[in-house]
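Only one structure is covered here, and it is reproduced in the block below.
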Amino acid sequence: MKEKKYISLKELLEDKKSLSKSALLYSENNLIKSVSYQDLIKNVYKEKEEFDSLKVNSVVFMLEKKPSLIYQIFGAILSGMRVGIIDPSEPLDKAEEMIKAFETECLVYDEDEYDEDEKAELNELVLEREYVKKDKEGSIVFFTSGTSGPSKGVELEFTSLLCSAWCGQMMLQTTIDDNVISLLPLSHVFGFVCTLLWPLAYSSTVSLGRGLRYVLKDPYLFKPTILPLIPNLTMLLITKSGLNKEARIILVGAGPLPKVFTKMIRDLGLTLALGYGLTETSSGVAISVNSEDPYFMRPCPGNEFKLEEDGSLSIKSDTLMKGYYNLPEETKKMIDSQGYFHTSDLAEINSKGEIKILGRKDDILVLDNGTKFNALKAESELSALLPSIDLGIYEEEGKICLAYFSRVESSDLIVNLKVSEYNAKQPLYAKIQNVKKLSSPLPRTKTGKLQRYLIK
């Protein structure tokens with residue numbers, strides 16, 4: 001398979017300028033409307049002119065996912081700006097933290113969604129800087145999920161994002177006849193690359209989902225053929241019969257999918273693709289497509305893997321980040337002299353060079369006697385005993401502790417009984433020594449990953 005590898009957004013748009021088919025589908029007043037590739041390009045260049053006239057170096061968008069947002073993001077990139085994308089559903093305090101870290105000179109948001117005090121707070125975060133005219137296209141800063149530490153801004157050149165889209169196309173093809181639904185936020189690199197940039201680069205149609213309230217309805221409304229999803233959303237659509245009959249490919253990324261659901265997808269006659277990647281690598285670096293063991297994933301072109309002494313995975317990639325924004329020392333810590341990015345993911349590499357992700361380094365707790373304990377495995381066993389309880393394992397003063405949350409008042413007795421049942425089968429060092437009930441759900445990322453370091 002030979003596919004064009006775009007090196008700039010301008011090149012991509014020029015390549016599509018005579019394409020009259022739908023680039024975007026969206027819903028307005030319960031009616032599906034369409035934007036052709038020709039109209040997409042016209043509107044993008046109109047926004048570029050607007051941003052050129054502003055003479056600012058950076059912009060943050062905090063807007064709902066609509067065609068106008070796509071025009072603005074692409075227009076700002078063509079104008080050479082550093083772009084930030086924040087999901088408007090983020091709590092205001094968290095959004096403000098990201099805006100501060102980004103150091104924006106222009107903030108675009110829906111003023112009708114905020115009161116006067118909130119607007120004043122947001123506007124105070126906008127900085128004034130000397131304008132520096134750029135001779136190349138801009139970059140995008142995506143914030144990490146914060147699984148194992150505070151969220152950091154990852155700056156990605158647009159060339160790297162286009163390279164990631166090409167890598168995906170070389171492993172899993174989307175065609176001019178495909179309709180790829182965008183149910184994921186564009187503020188997440190997986191959502192941006194796999195539900196927007198990849199399909200647009202290879203002439204597919206992108207259907208813009210209407211948000212979380214409509215995730216069970218949108219597949220039936222837009223009739224996509226390819227659904228890029230995170231594990232939680234995959235499980236929801238399968239268990240609630242949310243997959244439309246036109247669907248042919250389910251692409252799952254940003255976390256592990258339980259084996260029972262891989263079987264269910266295959267039993268439905270659908271192509272299953274499991275992907276692995278990080279914000280720092282511009283999304284996917286490995287993928288399996290209808291493999292016998294879907295958890296062993298083949299490297300995408302331009303990616304090399306190696307295991308470190310502690311079993312963690314390091315990656316050398318053509319799509320590697322420019323760096324953590326304004327954190328040069330953090331960048332140096334993570335990328336070695338050979339150009340390998342050191343992840344916190346534990347992995348296995350088989351004889352074919354395929355990788356299997358086993359968990360994260362912070363899933364392995366080091367106890368006070370030096371013993372290593374697999375918290376992820378323990379959580380899996382306890383979740384089977386307590387399927388309706390939100391729970392997590394953490395280490396405190398060298399001891400194994402369990403935190404849980406439940407809205408059922410009588411759950412305390414059940415939890416303690418099941419913990420005793422679990423402990424009875426464990427060696428002395430692996431027994432849970434403290435159980436804590438939390439007053440709110442456990443801290444998790446938007447993709448459902450436990451933020452173990454935040455459990456108190």
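Please note that chains go A, B, ... in the order of the structure tokens, that every chain numbers its residues from 1, and that ligands are numbered from 1 in the order shown.
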Residue neighbourhood region 359-361 of chain A, 8 Å, only C-alpha atoms, exclusion window fewer than 5 positions, as a short mmCIF file (atom, residue, chain, number, x, y, z; two decimals) with C-alpha atoms, in the first residue's frame:
```
data_model
loop_
_atom_site.label_atom_id
_atom_site.label_comp_id
_atom_site.auth_asym_id
_atom_site.auth_seq_id
_atom_site.Cartn_x
_atom_site.Cartn_y
_atom_site.Cartn_z
CA SER A 312 9.60 -0.25 31.01
CA SER A 344 6.25 4.64 32.36
CA ASP A 345 4.63 1.66 30.66
CA LEU A 346 5.73 -1.90 31.41
CA ALA A 347 5.85 -4.02 28.28
CA LEU A 376 -3.33 -3.55 38.75
#
```
(Q) Can you tell me, as a VMD selection string, which residues in region 73-296 of chain A count as alpha helix (DSSP H) by DSSP? (A) chain A and resid 73 to 78 92 to 102 116 to 124 158 to 171 189 to 192 198 to 201 218 to 222 231 to 239 259 to 267
If you keep C-alpha atoms, can you produce a file of those selected residues as a compact mmCIF listing (two decimals), in the first residue's frame?
```
# COMPACT_ATOMS: atom_id res chain seq x y z
CA ILE A 73 -7.69 25.46 14.45
CA PHE A 74 -6.46 24.86 10.91
CA GLY A 75 -6.44 28.60 10.13
CA ALA A 76 -4.28 29.30 13.18
CA ILE A 77 -1.88 26.49 12.21
CA LEU A 78 -1.49 27.94 8.71
CA LEU A 92 -13.11 26.14 35.12
CA ASP A 93 -10.25 25.89 37.63
CA LYS A 94 -8.56 23.14 35.61
CA ALA A 95 -9.08 25.06 32.35
CA GLU A 96 -7.50 28.14 33.94
CA GLU A 97 -4.46 26.09 35.01
CA MET A 98 -3.96 24.92 31.42
CA ILE A 99 -4.40 28.43 30.01
CA LYS A 100 -1.78 29.74 32.45
CA ALA A 101 0.66 26.98 31.54
CA PHE A 102 0.08 27.65 27.84
CA GLU A 116 -19.21 38.14 34.21
CA ASP A 117 -16.83 37.12 37.01
CA GLU A 118 -15.77 33.98 35.12
CA LYS A 119 -15.18 35.97 31.94
CA ALA A 120 -13.08 38.46 33.85
CA GLU A 121 -10.97 35.62 35.32
CA LEU A 122 -10.43 34.09 31.88
CA ASN A 123 -9.58 37.39 30.20
CA GLU A 124 -6.98 38.20 32.87
CA PHE A 158 1.94 19.75 12.87
CA THR A 159 4.34 17.75 10.70
CA SER A 160 4.52 15.16 13.48
CA LEU A 161 0.74 14.96 13.71
CA LEU A 162 0.51 14.46 9.93
CA CYS A 163 3.19 11.77 10.16
CA SER A 164 1.11 10.03 12.85
CA ALA A 165 -1.93 10.10 10.56
CA TRP A 166 0.18 8.55 7.77
CA CYS A 167 1.47 5.85 10.13
CA GLY A 168 -2.11 4.98 10.98
CA GLN A 169 -3.07 4.80 7.33
CA MET A 170 -0.18 2.44 6.59
CA MET A 171 -1.47 0.05 9.25
CA VAL A 189 -4.24 13.76 20.76
CA PHE A 190 -5.94 10.40 20.02
CA GLY A 191 -9.20 12.24 19.29
CA PHE A 192 -7.47 14.89 17.17
CA TRP A 198 -6.34 10.83 9.72
CA PRO A 199 -9.71 10.70 7.91
CA LEU A 200 -9.33 14.18 6.38
CA ALA A 201 -5.80 13.38 5.16
CA ASP A 218 -24.87 9.46 17.18
CA PRO A 219 -23.74 6.19 15.55
CA TYR A 220 -27.32 5.64 14.37
CA LEU A 221 -27.66 9.25 13.25
CA PHE A 222 -24.39 9.55 11.30
CA PRO A 231 -12.24 1.42 26.16
CA ASN A 232 -15.05 2.78 28.38
CA LEU A 233 -16.93 4.12 25.38
CA THR A 234 -16.41 0.85 23.49
CA MET A 235 -17.89 -1.15 26.37
CA LEU A 236 -20.83 1.25 26.66
CA LEU A 237 -21.70 1.08 22.95
CA ILE A 238 -21.50 -2.72 22.91
CA THR A 239 -23.50 -3.36 26.08
CA LYS A 259 -10.77 -9.57 26.61
CA VAL A 260 -14.49 -10.28 26.82
CA PHE A 261 -15.16 -7.20 24.67
CA THR A 262 -12.57 -8.13 22.03
CA LYS A 263 -14.50 -11.37 21.59
CA MET A 264 -17.85 -9.56 21.44
CA ILE A 265 -16.57 -7.22 18.71
CA ARG A 266 -15.31 -10.15 16.65
CA ASP A 267 -18.55 -12.07 17.17
```
Q. Rounded to one decimal in Å, what is the spacing between CA of Ile181 (chain A) and CA of Val206 (chain A)?
A. 5.7 Å
Q.
Report, in Å with one decimal, the straight-line distance from CA of Pro228 (chain A) to CA of Ala273 (chain A).
A. 9.2 Å
**Q.** Residue neighbourhood Lys316 (chain A), 7 Å, only C-alpha atoms, exclusion window fewer than 6 positions, as a VMD selection string
**A.** chain A and resid 303 to 305 339 to 341
